[in-house]
Amino acid sequence: MTWGNPPKLEPTKPKKGKVVTPEDLAKSGTEDGHQAAVMCWAALSVGKYKELKWLHSIPNGGQRNIIEATKMVSTGTRGGIWDLFLPLPIHTEWAVQYAGLYIEMKKPERRKHKDGGLSKEQLEFGAYAEKMGYFCAVCYSWEEARDILIKYVEVKV
């Protein structure tokens, strides 16, 4: 090969893989699995519900080493803040109905626990957020979260 005669580049075809579905992600039954399923569904549904583009998670829990945990707290992470947020105010003809939507995900078994499995801090944040005009929902499966998101975006809450 010389510089004047480079080899022709042929595009490689992408490998065909399995399409991951929300159901696949939720199979583990974990809170993280269900939350990943919600986000997968939202990504697949942005064509129908444009507002879902801005649905995002708020990483406040989980296991971290002390350095990462210290960094997260020092940069603003706070315990009790709910998992998902959709910054979409809902307006009716006469007033703002809700300032946005918070969702706290819990694995299905937590529904039967005291306070639905919410910590004292999560209960406190939920009460504060509702007082400030946010719609708040605790969801125990990705399907529940999906249904809340659809109702909220379609202004049927």
# chains A, B, ... in the order shown; residues from 1 in each chain; ligands from 1

call {"tool": "select_by_dssp", "arguments": {"residues": "range 8-152 of chain A", "states": "alpha helix (DSSP H)", "output": "JSON, numbers by chain"}}
result
{"A": [22, 23, 24, 25, 26, 31, 32, 33, 34, 35, 36, 37, 38, 39, 40, 41, 42, 43, 44, 45, 66, 67, 68, 69, 70, 71, 72, 73, 74, 120, 121, 122, 123, 124, 125, 126, 127, 128, 129, 130, 131, 142, 143, 144, 145, 146, 147, 148, 149, 150, 151, 152]}

call {"tool": "closest_atom_pairs", "arguments": {"of": "range 25-95 of chain A", "to": "range 105-111 of chain A", "cutoff": "10 Å", "atoms": "only C-alpha atoms", "output": "Markdown table"}}
result
| residue | atom | partner | partner_atom | distance |
| --- | --- | --- | --- | --- |
| A:Ala26 | CA | A:Lys107 | CA | 9.8 |
| A:Ser28 | CA | A:Lys107 | CA | 9.9 |
| A:Gly29 | CA | A:Lys107 | CA | 6.5 |
| A:Thr30 | CA | A:Lys107 | CA | 5.5 |
| A:Glu31 | CA | A:Lys107 | CA | 4.5 |
| A:Asp32 | CA | A:Lys107 | CA | 8.3 |
| A:Gly33 | CA | A:Lys107 | CA | 8.7 |
| A:His34 | CA | A:Lys107 | CA | 7.4 |
| A:Gln35 | CA | A:Met105 | CA | 6.6 |
| A:Val38 | CA | A:Met105 | CA | 9.7 |
| A:Trp82 | CA | A:Met105 | CA | 7.9 |
| A:Asp83 | CA | A:Met105 | CA | 6.4 |
| A:Leu84 | CA | A:Met105 | CA | 7.9 |

call {"tool": "write_last_selection", "arguments": {"atoms": "all heavy atoms", "output": "JSON list (two decimals), in the first residue's frame"}}
result
[["chain", "number", "residue", "atom", "x", "y", "z"],
["A", 26, "ALA", "N", -37.49, -5.05, 33.29],
["A", 26, "ALA", "CA", -38.20, -5.19, 34.57],
["A", 26, "ALA", "C", -38.18, -6.62, 35.11],
["A", 26, "ALA", "O", -38.58, -6.85, 36.24],
["A", 26, "ALA", "CB", -39.64, -4.73, 34.41],
["A", 28, "SER", "N", -36.03, -8.47, 36.37],
["A", 28, "SER", "CA", -35.30, -8.69, 37.62],
["A", 28, "SER", "C", -36.18, -8.43, 38.84],
["A", 28, "SER", "O", -35.91, -8.96, 39.92],
["A", 28, "SER", "CB", -34.08, -7.76, 37.69],
["A", 28, "SER", "OG", -34.50, -6.41, 37.80],
["A", 29, "GLY", "N", -37.21, -7.61, 38.67],
["A", 29, "GLY", "CA", -38.09, -7.29, 39.79],
["A", 29, "GLY", "C", -37.54, -6.23, 40.72],
["A", 29, "GLY", "O", -38.17, -5.87, 41.70],
["A", 30, "THR", "N", -36.35, -5.71, 40.42],
["A", 30, "THR", "CA", -35.74, -4.70, 41.28],
["A", 30, "THR", "C", -36.30, -3.33, 40.96],
["A", 30, "THR", "O", -36.86, -3.09, 39.89],
["A", 30, "THR", "CB", -34.21, -4.66, 41.09],
["A", 30, "THR", "OG1", -33.93, -4.23, 39.75],
["A", 30, "THR", "CG2", -33.56, -6.01, 41.36],
["A", 31, "GLU", "N", -36.11, -2.41, 41.89],
["A", 31, "GLU", "CA", -36.51, -1.02, 41.66],
["A", 31, "GLU", "C", -35.75, -0.46, 40.45],
["A", 31, "GLU", "O", -36.34, 0.20, 39.60],
["A", 31, "GLU", "CB", -36.22, -0.18, 42.91],
["A", 31, "GLU", "CG", -36.61, 1.27, 42.77],
["A", 31, "GLU", "CD", -36.33, 2.08, 44.01],
["A", 31, "GLU", "OE1", -36.57, 1.59, 45.13],
["A", 31, "GLU", "OE2", -35.87, 3.24, 43.85],
["A", 32, "ASP", "N", -34.45, -0.73, 40.40],
["A", 32, "ASP", "CA", -33.65, -0.25, 39.27],
["A", 32, "ASP", "C", -34.14, -0.82, 37.94],
["A", 32, "ASP", "O", -34.19, -0.12, 36.93],
["A", 32, "ASP", "CB", -32.17, -0.59, 39.45],
["A", 32, "ASP", "CG", -31.50, 0.25, 40.52],
["A", 32, "ASP", "OD1", -32.06, 1.30, 40.91],
["A", 32, "ASP", "OD2", -30.41, -0.15, 40.97],
["A", 33, "GLY", "N", -34.52, -2.09, 37.94],
["A", 33, "GLY", "CA", -35.02, -2.73, 36.73],
["A", 33, "GLY", "C", -36.31, -2.07, 36.25],
["A", 33, "GLY", "O", -36.48, -1.79, 35.06],
["A", 34, "HIS", "N", -37.22, -1.82, 37.19],
["A", 34, "HIS", "CA", -38.48, -1.16, 36.82],
["A", 34, "HIS", "C", -38.24, 0.28, 36.37],
["A", 34, "HIS", "O", -38.87, 0.75, 35.42],
["A", 34, "HIS", "CB", -39.47, -1.22, 37.98],
["A", 34, "HIS", "CG", -40.16, -2.54, 38.10],
["A", 34, "HIS", "ND1", -41.26, -2.88, 37.36],
["A", 34, "HIS", "CD2", -39.86, -3.64, 38.85],
["A", 34, "HIS", "CE1", -41.65, -4.11, 37.66],
["A", 34, "HIS", "NE2", -40.81, -4.59, 38.56],
["A", 35, "GLN", "N", -37.31, 0.98, 37.03],
["A", 35, "GLN", "CA", -37.03, 2.35, 36.63],
["A", 35, "GLN", "C", -36.40, 2.38, 35.24],
["A", 35, "GLN", "O", -36.74, 3.22, 34.40],
["A", 35, "GLN", "CB", -36.12, 3.04, 37.64],
["A", 35, "GLN", "CG", -35.92, 4.51, 37.34],
["A", 35, "GLN", "CD", -35.27, 5.25, 38.48],
["A", 35, "GLN", "OE1", -35.56, 5.00, 39.64],
["A", 35, "GLN", "NE2", -34.39, 6.18, 38.15],
["A", 38, "VAL", "N", -39.13, 2.00, 32.76],
["A", 38, "VAL", "CA", -39.87, 3.25, 32.54],
["A", 38, "VAL", "C", -39.12, 4.13, 31.55],
["A", 38, "VAL", "O", -39.70, 4.67, 30.61],
["A", 38, "VAL", "CB", -40.07, 4.03, 33.87],
["A", 38, "VAL", "CG1", -40.68, 5.40, 33.60],
["A", 38, "VAL", "CG2", -40.93, 3.26, 34.83],
["A", 82, "TRP", "N", -37.23, 12.30, 45.23],
["A", 82, "TRP", "CA", -37.80, 11.17, 44.48],
["A", 82, "TRP", "C", -37.02, 10.86, 43.21],
["A", 82, "TRP", "O", -36.22, 11.67, 42.74],
["A", 82, "TRP", "CB", -39.27, 11.45, 44.20],
["A", 82, "TRP", "CG", -40.11, 11.30, 45.46],
["A", 82, "TRP", "CD1", -39.67, 11.31, 46.76],
["A", 82, "TRP", "CD2", -41.51, 11.12, 45.52],
["A", 82, "TRP", "NE1", -40.72, 11.14, 47.62],
["A", 82, "TRP", "CE2", -41.87, 11.03, 46.89],
["A", 82, "TRP", "CE3", -42.50, 11.03, 44.57],
["A", 82, "TRP", "CZ2", -43.17, 10.83, 47.32],
["A", 82, "TRP", "CZ3", -43.82, 10.85, 45.00],
["A", 82, "TRP", "CH2", -44.14, 10.75, 46.35],
["A", 83, "ASP", "N", -37.28, 9.68, 42.64],
["A", 83, "ASP", "CA", -36.45, 9.10, 41.57],
["A", 83, "ASP", "C", -36.55, 9.78, 40.21],
["A", 83, "ASP", "O", -35.55, 9.95, 39.53],
["A", 83, "ASP", "CB", -36.82, 7.62, 41.38],
["A", 83, "ASP", "CG", -36.50, 6.79, 42.60],
["A", 83, "ASP", "OD1", -35.42, 6.98, 43.17],
["A", 83, "ASP", "OD2", -37.35, 5.96, 42.98],
["A", 84, "LEU", "N", -37.75, 10.09, 39.78],
["A", 84, "LEU", "CA", -37.97, 10.60, 38.42],
["A", 84, "LEU", "C", -38.69, 11.94, 38.47],
["A", 84, "LEU", "O", -39.54, 12.16, 39.34],
["A", 84, "LEU", "CB", -38.81, 9.61, 37.60],
["A", 84, "LEU", "CG", -38.21, 8.22, 37.38],
["A", 84, "LEU", "CD1", -39.23, 7.30, 36.72],
["A", 84, "LEU", "CD2", -36.94, 8.30, 36.56]]

call {"tool": "residues_around", "arguments": {"residues": "Lys156 in chain A", "least_positions_apart": "6", "cutoff": "12 Å", "atoms": "only C-alpha atoms", "output": "number ranges by chain"}}
result
A: 90-92, 97-98, 135, 147-150

call {"tool": "select_by_dssp", "arguments": {"residues": "range 99-144 of chain A", "states": "strand (DSSP E)", "output": "MDAnalysis selection string"}}
result
chainID A and resid 101:105 135:139

call {"tool": "residues_around", "arguments": {"residues": "His56 in chain A", "least_positions_apart": "4", "cutoff": "10 Å", "atoms": "only C-alpha atoms", "output": "PDB file with N, CA, C and O atoms, in the first residue's frame"}}
result
ATOM      1  N   MET A  39     -37.816   4.260  31.770  1.00  0.00           N
ATOM      2  CA  MET A  39     -37.013   5.119  30.900  1.00  0.00           C
ATOM      3  C   MET A  39     -36.940   4.558  29.482  1.00  0.00           C
ATOM      4  O   MET A  39     -36.951   5.317  28.506  1.00  0.00           O
ATOM      5  N   ALA A  42     -40.253   5.354  27.922  1.00  0.00           N
ATOM      6  CA  ALA A  42     -40.310   6.786  27.616  1.00  0.00           C
ATOM      7  C   ALA A  42     -39.523   7.096  26.343  1.00  0.00           C
ATOM      8  O   ALA A  42     -39.998   7.843  25.484  1.00  0.00           O
ATOM      9  N   LEU A  52     -41.849  13.666  27.014  1.00  0.00           N
ATOM     10  CA  LEU A  52     -41.069  12.619  27.690  1.00  0.00           C
ATOM     11  C   LEU A  52     -39.573  12.747  27.421  1.00  0.00           C
ATOM     12  O   LEU A  52     -38.770  12.148  28.128  1.00  0.00           O
ATOM     13  N   ASP A  83     -37.276   9.678  42.635  1.00  0.00           N
ATOM     14  CA  ASP A  83     -36.455   9.103  41.568  1.00  0.00           C
ATOM     15  C   ASP A  83     -36.552   9.784  40.212  1.00  0.00           C
ATOM     16  O   ASP A  83     -35.549   9.948  39.527  1.00  0.00           O
ATOM     17  N   LEU A  84     -37.753  10.086  39.776  1.00  0.00           N
ATOM     18  CA  LEU A  84     -37.969  10.600  38.420  1.00  0.00           C
ATOM     19  C   LEU A  84     -38.686  11.940  38.468  1.00  0.00           C
ATOM     20  O   LEU A  84     -39.536  12.161  39.337  1.00  0.00           O
ATOM     21  N   PHE A  85     -38.353  12.786  37.505  1.00  0.00           N
ATOM     22  CA  PHE A  85     -39.007  14.095  37.431  1.00  0.00           C
ATOM     23  C   PHE A  85     -39.303  14.445  35.982  1.00  0.00           C
ATOM     24  O   PHE A  85     -38.453  14.282  35.106  1.00  0.00           O
ATOM     25  N   LEU A  86     -40.509  14.925  35.741  1.00  0.00           N
ATOM     26  CA  LEU A  86     -40.908  15.437  34.434  1.00  0.00           C
ATOM     27  C   LEU A  86     -41.228  16.920  34.600  1.00  0.00           C
ATOM     28  O   LEU A  86     -42.235  17.276  35.221  1.00  0.00           O
ATOM     29  N   PRO A  87     -40.355  17.803  34.066  1.00  0.00           N
ATOM     30  CA  PRO A  87     -40.587  19.240  34.231  1.00  0.00           C
ATOM     31  C   PRO A  87     -41.614  19.756  33.239  1.00  0.00           C
ATOM     32  O   PRO A  87     -41.287  20.392  32.241  1.00  0.00           O
ATOM     33  N   TYR A 102     -43.356  14.325  39.942  1.00  0.00           N
ATOM     34  CA  TYR A 102     -42.340  13.500  40.601  1.00  0.00           C
ATOM     35  C   TYR A 102     -42.877  12.081  40.717  1.00  0.00           C
ATOM     36  O   TYR A 102     -44.052  11.890  41.082  1.00  0.00           O
TER      37      TYR A 102
END

call {"tool": "residues_around", "arguments": {"residues": "Ala127 in chain A", "least_positions_apart": "6", "cutoff": "10 Å", "atoms": "only C-alpha atoms", "output": "number ranges by chain"}}
result
A: 121, 134, 136

call {"tool": "atom_distance", "arguments": {"atom1": "CA of Lys151 in chain A", "atom2": "CA of Glu130 in chain A"}}
result
17.3 Å

call {"tool": "atom_distance", "arguments": {"atom1": "CA of Lys120 in chain A", "atom2": "CA of Ile81 in chain A"}}
result
11.1 Å

call {"tool": "closest_residue", "arguments": {"among": "A:Ala95, A:Tyr140, A:Ile103, A:Glu23", "to": "Gly116 in chain A", "atoms": "only C-alpha atoms"}}
result
A:Tyr140
